[in-house]
Each structure stands twice: as structure tokens, then as C-alpha cells.
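What follows is the content of work23.cif (mmCIF, C-alpha atoms).
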```cif
data_entry
loop_
_atom_site.label_atom_id
_atom_site.label_comp_id
_atom_site.auth_asym_id
_atom_site.auth_seq_id
_atom_site.Cartn_x
_atom_site.Cartn_y
_atom_site.Cartn_z
CA MET A 790 38.31 -69.53 -19.45
CA ALA A 791 37.87 -68.27 -15.91
CA GLU A 792 41.27 -66.58 -16.09
CA ASN A 793 40.27 -64.79 -19.33
CA SER A 794 37.06 -63.47 -17.96
CA ARG A 795 38.83 -62.26 -14.81
CA THR A 796 41.31 -60.35 -16.98
CA ALA A 797 38.49 -58.88 -18.98
CA LEU A 798 36.74 -57.83 -15.79
CA ARG A 799 39.90 -56.25 -14.51
CA ALA A 800 40.35 -54.34 -17.77
CA ALA A 801 36.76 -53.14 -17.66
CA SER A 802 37.12 -52.04 -14.04
CA PHE A 803 40.24 -50.13 -14.92
CA ALA A 804 38.51 -48.39 -17.85
CA MET A 805 35.59 -47.46 -15.62
CA LEU A 806 37.90 -46.18 -12.93
CA MET A 807 39.74 -44.06 -15.47
CA SER A 808 36.60 -42.57 -16.91
CA ALA A 809 35.31 -41.86 -13.43
CA ALA A 810 38.57 -40.18 -12.60
CA PHE A 811 38.30 -38.17 -15.79
CA ALA A 812 34.75 -37.18 -14.95
CA VAL A 813 35.85 -36.04 -11.50
CA PHE A 814 38.68 -34.12 -13.09
CA ALA A 815 36.34 -32.46 -15.62
CA ALA A 816 33.81 -31.69 -12.90
CA ALA A 817 36.48 -30.03 -10.91
CA THR A 818 36.43 -27.11 -13.36
CA PRO A 819 34.64 -24.49 -11.30
CA PRO A 820 31.44 -23.12 -12.87
CA VAL A 821 31.41 -19.55 -14.12
CA HIS A 822 30.25 -17.04 -11.53
CA TYR A 823 27.70 -14.73 -13.10
CA THR A 824 25.88 -11.63 -12.03
CA LEU A 825 22.72 -10.11 -13.47
CA ASP A 826 22.63 -7.58 -16.29
CA PRO A 827 19.50 -5.80 -15.02
CA THR A 828 19.03 -3.69 -18.16
CA ARG A 829 18.50 -6.74 -20.33
CA SER A 830 16.71 -9.07 -17.96
CA LEU A 831 13.00 -9.55 -17.38
CA LEU A 832 11.03 -11.17 -14.58
CA ARG A 833 7.33 -11.33 -15.26
CA PHE A 834 4.22 -12.82 -13.70
CA THR A 835 0.96 -13.60 -15.42
CA PHE A 836 -2.30 -14.03 -13.59
CA MET A 837 -5.96 -14.26 -14.43
CA GLN A 838 -8.23 -11.55 -13.14
CA ALA A 839 -11.97 -11.51 -13.76
CA GLY A 840 -11.59 -13.79 -16.76
CA ALA A 841 -8.77 -11.86 -18.41
CA SER A 842 -5.07 -12.66 -18.42
CA ASN A 843 -2.91 -9.89 -16.93
CA THR A 844 0.85 -9.51 -16.89
CA GLY A 845 3.08 -7.68 -14.46
CA ARG A 846 6.80 -7.48 -13.87
CA PHE A 847 9.33 -6.92 -11.13
CA ASN A 848 11.62 -4.06 -12.04
CA LYS A 849 14.23 -4.78 -9.35
CA PHE A 850 15.83 -8.10 -8.62
CA THR A 851 19.31 -9.52 -8.31
CA ALA A 852 20.78 -12.86 -9.35
CA ASP A 853 23.88 -14.65 -8.23
CA VAL A 854 24.48 -17.57 -10.56
CA LEU A 855 27.16 -20.22 -10.69
CA PHE A 856 26.56 -22.36 -13.70
CA SER A 857 28.38 -24.78 -15.89
CA ASN A 858 26.80 -27.34 -18.18
CA ASP A 859 29.43 -29.89 -17.18
CA ASN A 860 29.55 -29.11 -13.51
CA LEU A 861 25.97 -29.12 -12.35
CA ALA A 862 27.03 -30.32 -8.91
CA ALA A 863 28.75 -27.02 -8.19
CA SER A 864 26.12 -24.88 -9.95
CA LYS A 865 23.78 -22.59 -8.08
CA ILE A 866 21.06 -20.07 -8.81
CA ASP A 867 20.15 -17.49 -6.21
CA VAL A 868 17.61 -14.81 -7.15
CA THR A 869 16.29 -12.14 -4.81
CA VAL A 870 13.29 -10.08 -5.84
CA ASP A 871 12.36 -6.64 -4.53
CA ILE A 872 8.60 -7.12 -4.22
CA ASN A 873 8.02 -3.39 -3.91
CA SER A 874 9.21 -2.99 -7.51
CA LEU A 875 6.18 -4.84 -8.89
CA ASP A 876 4.51 -3.18 -11.83
CA THR A 877 1.23 -4.25 -13.44
CA GLY A 878 0.64 -1.05 -15.39
CA ASP A 879 -1.83 0.34 -12.85
CA MET A 880 -0.83 2.20 -9.69
CA GLU A 881 -3.97 1.38 -7.78
CA ARG A 882 -3.66 -2.35 -8.46
CA ASP A 883 0.08 -2.24 -7.62
CA ASP A 884 -0.74 -0.67 -4.25
CA THR A 885 -3.36 -3.35 -3.66
CA LEU A 886 -0.77 -6.03 -4.43
CA ARG A 887 1.63 -4.43 -1.91
CA SER A 888 -1.03 -4.36 0.81
CA PRO A 889 -1.07 -6.72 3.85
CA ASP A 890 -3.68 -9.03 2.25
CA LEU A 891 -1.44 -9.82 -0.71
CA PHE A 892 2.36 -9.42 -0.72
CA ASP A 893 2.52 -7.33 2.47
CA VAL A 894 5.72 -5.63 1.31
CA LYS A 895 6.26 -3.76 4.57
CA LYS A 896 6.69 -7.07 6.41
CA TYR A 897 8.03 -9.15 3.53
CA PRO A 898 9.97 -6.90 1.16
CA GLN A 899 11.78 -9.72 -0.62
CA ALA A 900 11.14 -13.02 -2.31
CA ARG A 901 13.96 -15.44 -2.95
CA PHE A 902 14.65 -18.52 -5.03
CA VAL A 903 17.69 -20.66 -4.34
CA ALA A 904 18.48 -23.77 -6.37
CA THR A 905 21.49 -25.97 -5.75
CA ARG A 906 20.47 -29.19 -7.50
CA PHE A 907 20.14 -29.53 -11.24
CA THR A 908 19.19 -32.38 -13.52
CA SER A 909 19.69 -32.29 -17.25
CA THR A 910 16.50 -32.75 -19.28
CA GLY A 911 17.92 -32.21 -22.78
CA ALA A 912 20.40 -30.05 -24.65
CA GLY A 913 20.71 -26.85 -22.64
CA ARG A 914 17.63 -27.77 -20.57
CA TYR A 915 17.56 -28.50 -16.89
CA ASP A 916 15.27 -28.86 -13.94
CA ALA A 917 16.47 -26.60 -11.16
CA LEU A 918 15.43 -28.01 -7.81
CA GLY A 919 15.28 -25.36 -5.18
CA LYS A 920 13.36 -23.45 -2.61
CA LEU A 921 11.12 -20.48 -3.25
CA THR A 922 10.36 -18.11 -0.41
CA ILE A 923 7.53 -15.58 -0.62
CA ARG A 924 6.04 -13.90 2.46
CA ASN A 925 8.47 -15.97 4.56
CA VAL A 926 6.84 -19.19 3.38
CA THR A 927 9.36 -21.57 1.81
CA LYS A 928 8.31 -24.28 -0.61
CA ASP A 929 10.21 -26.73 -2.77
CA LEU A 930 10.06 -25.79 -6.41
CA LYS A 931 11.11 -27.65 -9.53
CA LEU A 932 11.88 -24.96 -12.07
CA PRO A 933 12.47 -25.96 -15.70
CA ILE A 934 15.17 -23.72 -17.17
CA THR A 935 17.30 -23.30 -20.24
CA PHE A 936 20.89 -22.12 -20.07
CA GLN A 937 22.98 -21.01 -22.99
CA THR A 938 26.26 -19.20 -23.29
CA LYS A 939 27.37 -16.80 -25.99
CA THR A 940 30.60 -14.94 -26.46
CA GLU A 941 29.87 -11.24 -26.73
CA GLN A 942 32.79 -8.81 -27.06
CA GLY A 943 35.12 -11.42 -25.65
CA GLN A 944 32.91 -12.01 -22.62
CA ASN A 945 31.23 -15.29 -21.81
CA ILE A 946 27.57 -14.27 -21.42
CA GLY A 947 24.95 -16.60 -19.96
CA TYR A 948 21.29 -16.58 -20.91
CA LEU A 949 18.98 -18.15 -18.39
CA THR A 950 15.27 -18.52 -19.15
CA GLY A 951 12.45 -20.36 -17.52
CA ARG A 952 8.77 -20.53 -16.82
CA VAL A 953 6.86 -22.15 -14.03
CA THR A 954 3.38 -22.07 -12.58
CA ILE A 955 3.11 -21.55 -8.85
CA ARG A 956 0.09 -21.31 -6.56
CA ARG A 957 -0.14 -17.94 -4.85
CA LEU A 958 -2.11 -19.32 -1.91
CA ASP A 959 0.70 -21.81 -1.10
CA PHE A 960 2.64 -18.72 -0.02
CA GLY A 961 -0.24 -16.87 1.58
CA VAL A 962 -0.48 -14.31 -1.22
CA GLY A 963 -4.17 -13.81 -0.67
CA GLN A 964 -5.53 -13.24 2.81
CA GLY A 965 -9.06 -12.32 3.73
CA GLU A 966 -11.27 -11.91 0.69
CA TRP A 967 -8.29 -12.55 -1.61
CA LYS A 968 -8.30 -16.21 -0.57
CA ALA A 969 -11.18 -16.62 -3.00
CA THR A 970 -10.10 -17.91 -6.39
CA ASP A 971 -13.14 -17.24 -8.57
CA GLN A 972 -12.02 -13.78 -9.72
CA VAL A 973 -8.28 -14.20 -9.20
CA PRO A 974 -7.35 -17.89 -9.55
CA ASP A 975 -4.65 -19.57 -7.49
CA ASP A 976 -2.28 -20.26 -10.40
CA VAL A 977 0.26 -17.60 -11.30
CA GLN A 978 2.75 -18.12 -14.08
CA VAL A 979 6.23 -16.77 -13.49
CA SER A 980 8.58 -16.39 -16.43
CA PHE A 981 12.01 -14.88 -16.72
CA SER A 982 14.75 -14.20 -19.17
CA LEU A 983 18.05 -13.23 -17.58
CA ARG A 984 21.22 -11.98 -19.18
CA LEU A 985 24.19 -12.88 -17.04
CA ALA A 986 27.67 -11.41 -17.20
CA PRO A 987 30.71 -12.97 -15.54
CA LYS A 988 31.29 -11.51 -12.11
CA THR A 989 34.43 -9.41 -11.99
CA MET B 1142 -45.68 -11.03 -36.62
CA PRO B 1143 -43.43 -11.19 -39.68
CA ILE B 1144 -39.73 -11.88 -39.27
CA ARG B 1145 -38.74 -9.02 -41.56
CA ASN B 1146 -39.67 -5.35 -41.38
CA THR B 1147 -42.38 -3.86 -43.55
CA ASN B 1148 -43.02 -0.18 -44.31
CA ALA B 1149 -45.64 -0.22 -41.56
CA ARG B 1150 -44.00 -2.10 -38.70
CA TRP B 1151 -40.84 -3.62 -37.30
CA GLY B 1152 -40.39 -7.37 -37.77
CA ALA B 1153 -39.57 -9.91 -35.06
CA VAL B 1154 -35.80 -9.73 -35.54
CA ALA B 1155 -35.62 -5.92 -35.34
CA GLN B 1156 -37.90 -5.95 -32.29
CA THR B 1157 -35.76 -8.56 -30.56
CA PHE B 1158 -32.62 -6.51 -31.19
CA HIS B 1159 -34.35 -3.39 -29.88
CA TRP B 1160 -35.69 -4.81 -26.63
CA VAL B 1161 -32.68 -6.98 -25.79
CA ILE B 1162 -30.42 -3.95 -26.21
CA VAL B 1163 -32.79 -1.87 -24.04
CA ALA B 1164 -32.49 -4.48 -21.28
CA LEU B 1165 -28.70 -4.64 -21.63
CA VAL B 1166 -28.29 -0.84 -21.56
CA ILE B 1167 -30.36 -0.64 -18.37
CA THR B 1168 -28.17 -3.42 -16.94
CA GLN B 1169 -25.10 -1.32 -17.76
CA PHE B 1170 -26.40 1.67 -15.80
CA VAL B 1171 -27.25 -0.60 -12.84
CA LEU B 1172 -23.80 -2.25 -12.88
CA ALA B 1173 -21.99 1.09 -13.26
CA ASN B 1174 -23.88 2.49 -10.29
CA GLU B 1175 -23.05 -0.64 -8.30
CA TYR B 1176 -19.28 -0.58 -8.79
CA ASN B 1177 -18.97 3.17 -8.43
CA HIS B 1178 -19.85 2.57 -4.79
CA LEU B 1179 -17.38 -0.26 -4.23
CA PRO B 1180 -13.72 -0.01 -3.12
CA LEU B 1181 -11.08 -1.73 -5.27
CA GLY B 1182 -11.49 -5.37 -4.38
CA LEU B 1183 -12.82 -8.66 -5.65
CA ALA B 1184 -16.45 -7.57 -5.66
CA LYS B 1185 -15.62 -4.53 -7.78
CA LEU B 1186 -13.52 -6.59 -10.20
CA ALA B 1187 -16.42 -9.00 -10.70
CA VAL B 1188 -18.97 -6.25 -11.35
CA ILE B 1189 -16.67 -4.37 -13.74
CA ALA B 1190 -15.95 -7.61 -15.61
CA LYS B 1191 -19.70 -8.09 -16.07
CA HIS B 1192 -20.08 -4.47 -17.24
CA LYS B 1193 -17.34 -5.02 -19.84
CA SER B 1194 -18.89 -8.28 -21.05
CA VAL B 1195 -22.35 -6.73 -21.38
CA GLY B 1196 -20.84 -3.70 -23.16
CA LEU B 1197 -19.16 -5.95 -25.70
CA THR B 1198 -22.43 -7.79 -26.20
CA ILE B 1199 -24.23 -4.50 -26.86
CA PHE B 1200 -21.56 -3.52 -29.39
CA ALA B 1201 -21.85 -6.83 -31.27
CA LEU B 1202 -25.67 -6.80 -31.23
CA THR B 1203 -25.70 -3.21 -32.49
CA VAL B 1204 -23.47 -4.11 -35.43
CA LEU B 1205 -25.76 -7.04 -36.31
CA ARG B 1206 -28.81 -4.84 -35.79
CA LEU B 1207 -27.55 -2.20 -38.23
CA ILE B 1208 -26.73 -4.86 -40.83
CA TRP B 1209 -30.25 -6.24 -40.43
CA ARG B 1210 -31.67 -2.74 -40.74
CA LEU B 1211 -29.82 -2.22 -44.03
CA MET B 1212 -31.19 -5.53 -45.36
CA ASN B 1213 -34.78 -4.61 -44.52
CA PRO B 1214 -37.26 -1.86 -45.29
CA THR B 1215 -37.37 0.74 -42.50
CA PRO B 1216 -40.88 1.56 -41.26
CA LEU B 1217 -41.80 5.08 -42.38
CA LEU B 1218 -42.06 7.93 -39.91
CA PRO B 1219 -45.71 8.95 -39.34
CA ASP B 1220 -47.08 11.54 -41.81
CA THR B 1221 -48.23 13.69 -38.93
CA LEU B 1222 -44.66 14.71 -37.98
CA LYS B 1223 -43.68 18.33 -38.42
CA PRO B 1224 -40.43 18.86 -40.36
CA TYR B 1225 -38.45 19.69 -37.20
CA GLU B 1226 -39.86 16.57 -35.54
CA ARG B 1227 -38.66 14.45 -38.45
CA VAL B 1228 -35.17 15.89 -38.01
CA LEU B 1229 -35.31 15.39 -34.26
CA ALA B 1230 -36.42 11.76 -34.69
CA ARG B 1231 -33.59 11.06 -37.16
CA VAL B 1232 -30.98 12.74 -34.95
CA THR B 1233 -32.16 10.82 -31.89
CA HIS B 1234 -32.11 7.48 -33.68
CA PHE B 1235 -28.72 8.14 -35.24
CA GLY B 1236 -27.38 9.35 -31.88
CA LEU B 1237 -28.59 6.24 -30.08
CA TYR B 1238 -27.02 3.89 -32.61
CA ALA B 1239 -23.77 5.88 -32.55
CA LEU B 1240 -23.62 5.81 -28.74
CA LEU B 1241 -24.24 2.06 -28.65
CA LEU B 1242 -21.13 1.66 -30.79
CA VAL B 1243 -18.88 4.39 -29.37
CA MET B 1244 -19.49 3.80 -25.65
CA PRO B 1245 -18.12 0.24 -25.65
CA ILE B 1246 -15.02 1.43 -27.52
CA THR B 1247 -14.34 4.21 -25.00
CA GLY B 1248 -14.77 1.58 -22.27
CA TRP B 1249 -12.34 -0.74 -24.02
CA ILE B 1250 -9.75 2.08 -24.29
CA MET B 1251 -10.27 2.84 -20.56
CA SER B 1252 -9.55 -0.79 -19.71
CA SER B 1253 -6.45 -0.95 -21.88
CA ALA B 1254 -5.12 2.36 -20.56
CA ARG B 1255 -5.19 0.93 -17.03
CA SER B 1256 -3.92 -2.47 -18.09
CA PHE B 1257 -7.11 -4.29 -17.10
CA PRO B 1258 -7.76 -6.31 -20.26
CA VAL B 1259 -11.29 -6.88 -21.51
CA SER B 1260 -12.70 -10.37 -21.61
CA TRP B 1261 -16.12 -11.47 -22.83
CA PHE B 1262 -17.49 -13.47 -19.89
CA GLY B 1263 -14.06 -15.08 -19.43
CA LEU B 1264 -14.41 -16.88 -22.77
CA LEU B 1265 -12.65 -14.52 -25.14
CA GLN B 1266 -10.00 -11.96 -24.30
CA LEU B 1267 -9.64 -8.85 -26.43
CA PRO B 1268 -6.23 -7.35 -27.20
CA ASP B 1269 -5.30 -4.08 -25.51
CA LEU B 1270 -5.94 -1.04 -27.71
CA VAL B 1271 -3.39 1.24 -26.03
CA LYS B 1272 -0.46 1.03 -23.65
CA PRO B 1273 -1.00 1.87 -19.95
CA ASN B 1274 -1.55 5.62 -19.76
CA ARG B 1275 -3.20 7.23 -16.75
CA ALA B 1276 -3.95 10.57 -18.48
CA LEU B 1277 -5.65 8.81 -21.38
CA TYR B 1278 -7.63 6.69 -18.92
CA ASP B 1279 -8.86 9.81 -17.12
CA ALA B 1280 -9.85 11.43 -20.43
CA MET B 1281 -11.68 8.29 -21.58
CA HIS B 1282 -13.39 7.93 -18.22
CA THR B 1283 -14.77 11.46 -18.51
CA THR B 1284 -15.82 10.80 -22.10
CA HIS B 1285 -17.53 7.54 -21.11
CA ASP B 1286 -19.44 9.37 -18.34
CA VAL B 1287 -20.49 12.24 -20.63
CA LEU B 1288 -21.63 9.76 -23.30
CA ALA B 1289 -23.60 7.84 -20.67
CA GLY B 1290 -25.39 11.08 -19.76
CA THR B 1291 -26.02 11.80 -23.44
CA LEU B 1292 -27.37 8.27 -23.95
CA ALA B 1293 -29.73 8.70 -21.01
CA ALA B 1294 -30.94 12.03 -22.44
CA PHE B 1295 -31.49 10.61 -25.95
CA ALA B 1296 -33.26 7.57 -24.49
CA ALA B 1297 -35.52 9.80 -22.40
CA LEU B 1298 -36.44 11.83 -25.48
CA HIS B 1299 -37.06 8.62 -27.44
CA VAL B 1300 -39.33 7.21 -24.70
CA PHE B 1301 -41.15 10.51 -24.34
CA ALA B 1302 -41.81 10.61 -28.10
CA ALA B 1303 -43.00 6.99 -28.16
CA LEU B 1304 -45.42 7.63 -25.29
CA LYS B 1305 -46.66 10.86 -26.87
CA HIS B 1306 -47.44 8.99 -30.10
CA HIS B 1307 -49.19 6.22 -28.21
CA PHE B 1308 -51.25 8.09 -25.65
CA TYR B 1309 -51.64 11.59 -27.08
CA LEU B 1310 -51.51 11.20 -30.85
CA LYS B 1311 -52.89 7.66 -30.61
CA ASP B 1312 -51.00 6.33 -33.63
CA ASP B 1313 -49.08 3.08 -34.24
CA THR B 1314 -45.55 4.38 -33.63
CA LEU B 1315 -45.04 2.55 -30.35
CA ARG B 1316 -47.27 -0.40 -31.21
CA ARG B 1317 -45.24 -1.28 -34.29
CA MET B 1318 -42.18 -1.92 -32.08
CA LEU B 1319 -44.20 -4.11 -29.68
CA PRO B 1320 -44.79 -7.83 -30.14
CA PHE B 1321 -48.32 -9.23 -29.93
CA THR B 1322 -49.91 -6.02 -31.18
CA ARG B 1323 -51.88 -5.15 -34.27
CA THR B 1324 -51.22 -2.04 -36.22
CA ARG B 1325 -54.14 -0.22 -37.81
#
```

What does this structure look like when you write it as C-alpha cells?
Amino acid sequence: MAENSRTALRAASFAMLMSAAFAVFAAATPPVHYTLDPTRSLLRFTFMQAGASNTGRFNKFTADVLFSNDNLAASKIDVTVDINSLDTGDMERDDTLRSPDLFDVKKYPQARFVATRFTSTGAGRYDALGKLTIRNVTKDLKLPITFQTKTEQGQNIGYLTGRVTIRRLDFGVGQGEWKATDQVPDDVQVSFSLRLAPKT
Amino acid sequence: MPIRNTNARWGAVAQTFHWVIVALVITQFVLANEYNHLPLGLAKLAVIAKHKSVGLTIFALTVLRLIWRLMNPTPLLPDTLKPYERVLARVTHFGLYALLLVMPITGWIMSSARSFPVSWFGLLQLPDLVKPNRALYDAMHTTHDVLAGTLAAFAALHVFAALKHHFYLKDDTLRRMLPFTRTR
């Protein structure tokens, strides 16, 4: 009896070892290295202002993405945003946003998000755990994303989308009178839809 | 005071519309003057948001007021009016109603053209009428200002006529738009 169970245990251990080895082997496939297709990508932010919802966008940003559904350990998202390229549809407001009390673009021209840890939350859905830096303030951010691939003209194209709410004051976007949240609340929703082409 | 209009005087509902809109229009001029002296900042945003909300309210009340007017008899103009005065009275009244409807719309277009959406006291957001367009904004701004001047001129004429009827001609024209009064 004891002998039988020991054999069974041994067999089970072997099976587990094999599947682990297989998993390691599968994971060893390097993720695809993507770069941004800026003409078909959008990075937007939505904020409330005096009771009305407003939307703006960043016209210039870059993305360096390593992603593979079956190799999350080696996946990485690195997005750099040119803050000066912000566009809310009104020049005067854009200049106000660039001013020292808000983004202070002269001192802090870039924002950056880097994620190196991913957890699967469903088919094609993940939480990207990373660090967001705005105005030189870095905070941990859990960013829910979706990632899909499509073959377009023989190329493996990645589509990365996501949406997250951040608090502008966590990053100091709002100094002086702009610290007040009654006209412009703290919450800002950031959403993006990126088209990624394999890096050549 | 009756709720509905008669041929001789305005009823309670019509009077309420009239005087509430008077108060709101004065508020609009006060708010406009206030934010014209403010730099772009939180204070200005707050005052402009109030101006937009009050403007929307005026628009909605004017629509309801005109519907009520159509459902009621309109008090007759005094017999003592000369023909040109009758025309002038009609033009002034029509002009005032038209401005109460057109001014909010020009304001709404201004807001949309600068991508500052309109919200009614933060409770209801209106869709943008046009895409961001600085030239259109400038044109609408000028229009809004000219219409404001026209509204002030029409209102002054209207007040002058009401006071003339009350103090000089001593008839019921003003009294019939006032609560707690008796008409002869």
C-alpha cells in the first residue's frame, strides 16, 4: 500500500516537473518588441471643469513595448509623453496647463509610465503594475489594460488599450490656487488606444 | 390675482415668468462684468460656469413663457397708443423675446467653439454644438456682446415706456404686470 502510494507520488512529481519544464520552455519565447504607430494611436485625458467634463489629448508620445500573452514575466511597457504636446482645443487653457502651477513643462517636459509586472485578469486583459512619473513625482500605478494581436499585411500588430483614473494632486499638478478641487476636481481619467508595430 | 391672463391684466404665472427673467438677466450682466475683469483662473471659471447656467435657465424659462403666452389671452395694448407706438411696443416685445432665446444659443456656440462645454449647475452637461474653432468663437463673442447691448437698449425702452404709462399717462399698463395691485 505504502509502496503504491510512493510510486504514485513519484509519478505525480515527475509529471509536475515536466509541465514546469515545459512552462519554462514556453516562457523562454521572447515577447515581441513593438514600437508605436503614432498616426493611429490616441492618448487622452478627461477632467471635470466647472461642472462640465472636458477632454484633451497628448499629440506626441512614444511607446516601447515588449509583450507576449504567454510570457508576461519578460513583458514591459514603457511610455514617454511629451507634455508640451497637450491639446484641449483651446490655446489659452493649454498655455495655462503648461504653466508652473500645473504641468510646468519648462521644468518637467516629460511624463513616463513604466510597467514590468503583469497579472492576467481574463482573456486578453491584464493589470499592468508600474510606476507613473509626472512632474518628477513617481507613484505606483495599477493600470488595467487589454492586449490583442492581429495580423495585418503579414505583420503582427498589437493593440493596447486601457483606462485609469489618477489623482492630479498626487503628482503636484495643481499648485497655488489650482490645489483647490471645487472647480477642477482631483480625479483625471486617462485613456489610451495604441497601435503597435513590431520593431524592425 | 388670477393664475391665467385676462384681456385686462397679466396672471400670476405670466408675472412670475416676467420678473424672474428680469432678475436673471440682471444677474447675467453682473456676472459678465465680473468675469471680464478676471484673468483666466479658477475664479473666472466659476463665474463663467454660473453665467452659462443662468443663461440656460433663461432660455428654458423663455420657452415655457412663450408656450404659456400662446395658451392664454394677451392683455390688450392701451387704446391711447398712437399707431407708431403700437408698432414700437410690438417690435420691442418681439425683440426682447427673441434676444432671450438667441443670446443663450450664441453663448453655447462660444463655449463649444473654445471647447469649454456647457453644464447646467454641474447637473446636466450639454453636447458641443461645434468643433473647436477660434475664428467662430471670436465672431460669436462679438455677436453676443452686440446682442447684449441691443438687449439693454430694448429693456431701457421697455422700462421707459412702462414708467411713462404709469406716471405720465397714469394708466394700468405697468400695474397689470405687478402683483398685489388693482387695475381700474

Check: which chain A residues lie within 10 Å of chain B using all atoms listed in the file, as a list in words: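 Going by the stated atoms only, the list reads Met837, Gln838, Ala839, Gly840, Ala841, Ser842, Asn843, Thr844, Gly845, Thr877, Gly878, Asp879, Met880, Glu881, Arg882, Thr885, Glu966, Trp967, Ala969, Thr970, Asp971, Gln972 and Val973 of chain A.
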
Selection result of the PyMOL selection byres ((chain B and resi 1249) around 10) on this file, as a compact mmCIF listing (two decimals) with C-alpha atoms, in the coordinates of the input:
```
# COMPACT_ATOMS: atom_id res chain seq x y z
CA LYS B 1193 -17.34 -5.02 -19.84
CA GLY B 1196 -20.84 -3.70 -23.16
CA LEU B 1197 -19.16 -5.95 -25.70
CA VAL B 1243 -18.88 4.39 -29.37
CA MET B 1244 -19.49 3.80 -25.65
CA PRO B 1245 -18.12 0.24 -25.65
CA ILE B 1246 -15.02 1.43 -27.52
CA THR B 1247 -14.34 4.21 -25.00
CA GLY B 1248 -14.77 1.58 -22.27
CA ILE B 1250 -9.75 2.08 -24.29
CA MET B 1251 -10.27 2.84 -20.56
CA SER B 1252 -9.55 -0.79 -19.71
CA SER B 1253 -6.45 -0.95 -21.88
CA ALA B 1254 -5.12 2.36 -20.56
CA PHE B 1257 -7.11 -4.29 -17.10
CA PRO B 1258 -7.76 -6.31 -20.26
CA VAL B 1259 -11.29 -6.88 -21.51
CA SER B 1260 -12.70 -10.37 -21.61
CA LEU B 1267 -9.64 -8.85 -26.43
CA PRO B 1268 -6.23 -7.35 -27.20
CA ASP B 1269 -5.30 -4.08 -25.51
CA LEU B 1270 -5.94 -1.04 -27.71
CA VAL B 1271 -3.39 1.24 -26.03
CA MET B 1281 -11.68 8.29 -21.58
```

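Among the candidates B:Lys1223, B:His1234, B:His1159, B:Lys1305, the one nearest to Ile1199 (chain B) when counting only C-alpha atoms is B:His1159.
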
d(CA of His822 (chain A), CA of Thr935 (chain A)) in Å: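 Pair CA of His822 (chain A) / CA of Thr935 (chain A) returns 16.8 Å.
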
Radius query 10 Å about (6.1, 1.5, -3.9), atoms used: only C-alpha atoms, as a list in words: Ile872, Asn873, Ser874, Leu875, Asp876, Met880, Asp883, Asp884, Arg887, Val894 and Lys895 of chain A

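Counting from CA of Thr1233 (chain B), the distance to CA of Pro1214 (chain B) is 19.1 Å.
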
Coordinates-based distance that separates CA of Thr1198 (chain B) from CA of Arg1317 (chain B) (Å, one decimal):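 Straight-line distance from CA of Arg1317 (chain B) to CA of Thr1198 (chain B) works out to 25.1 Å.
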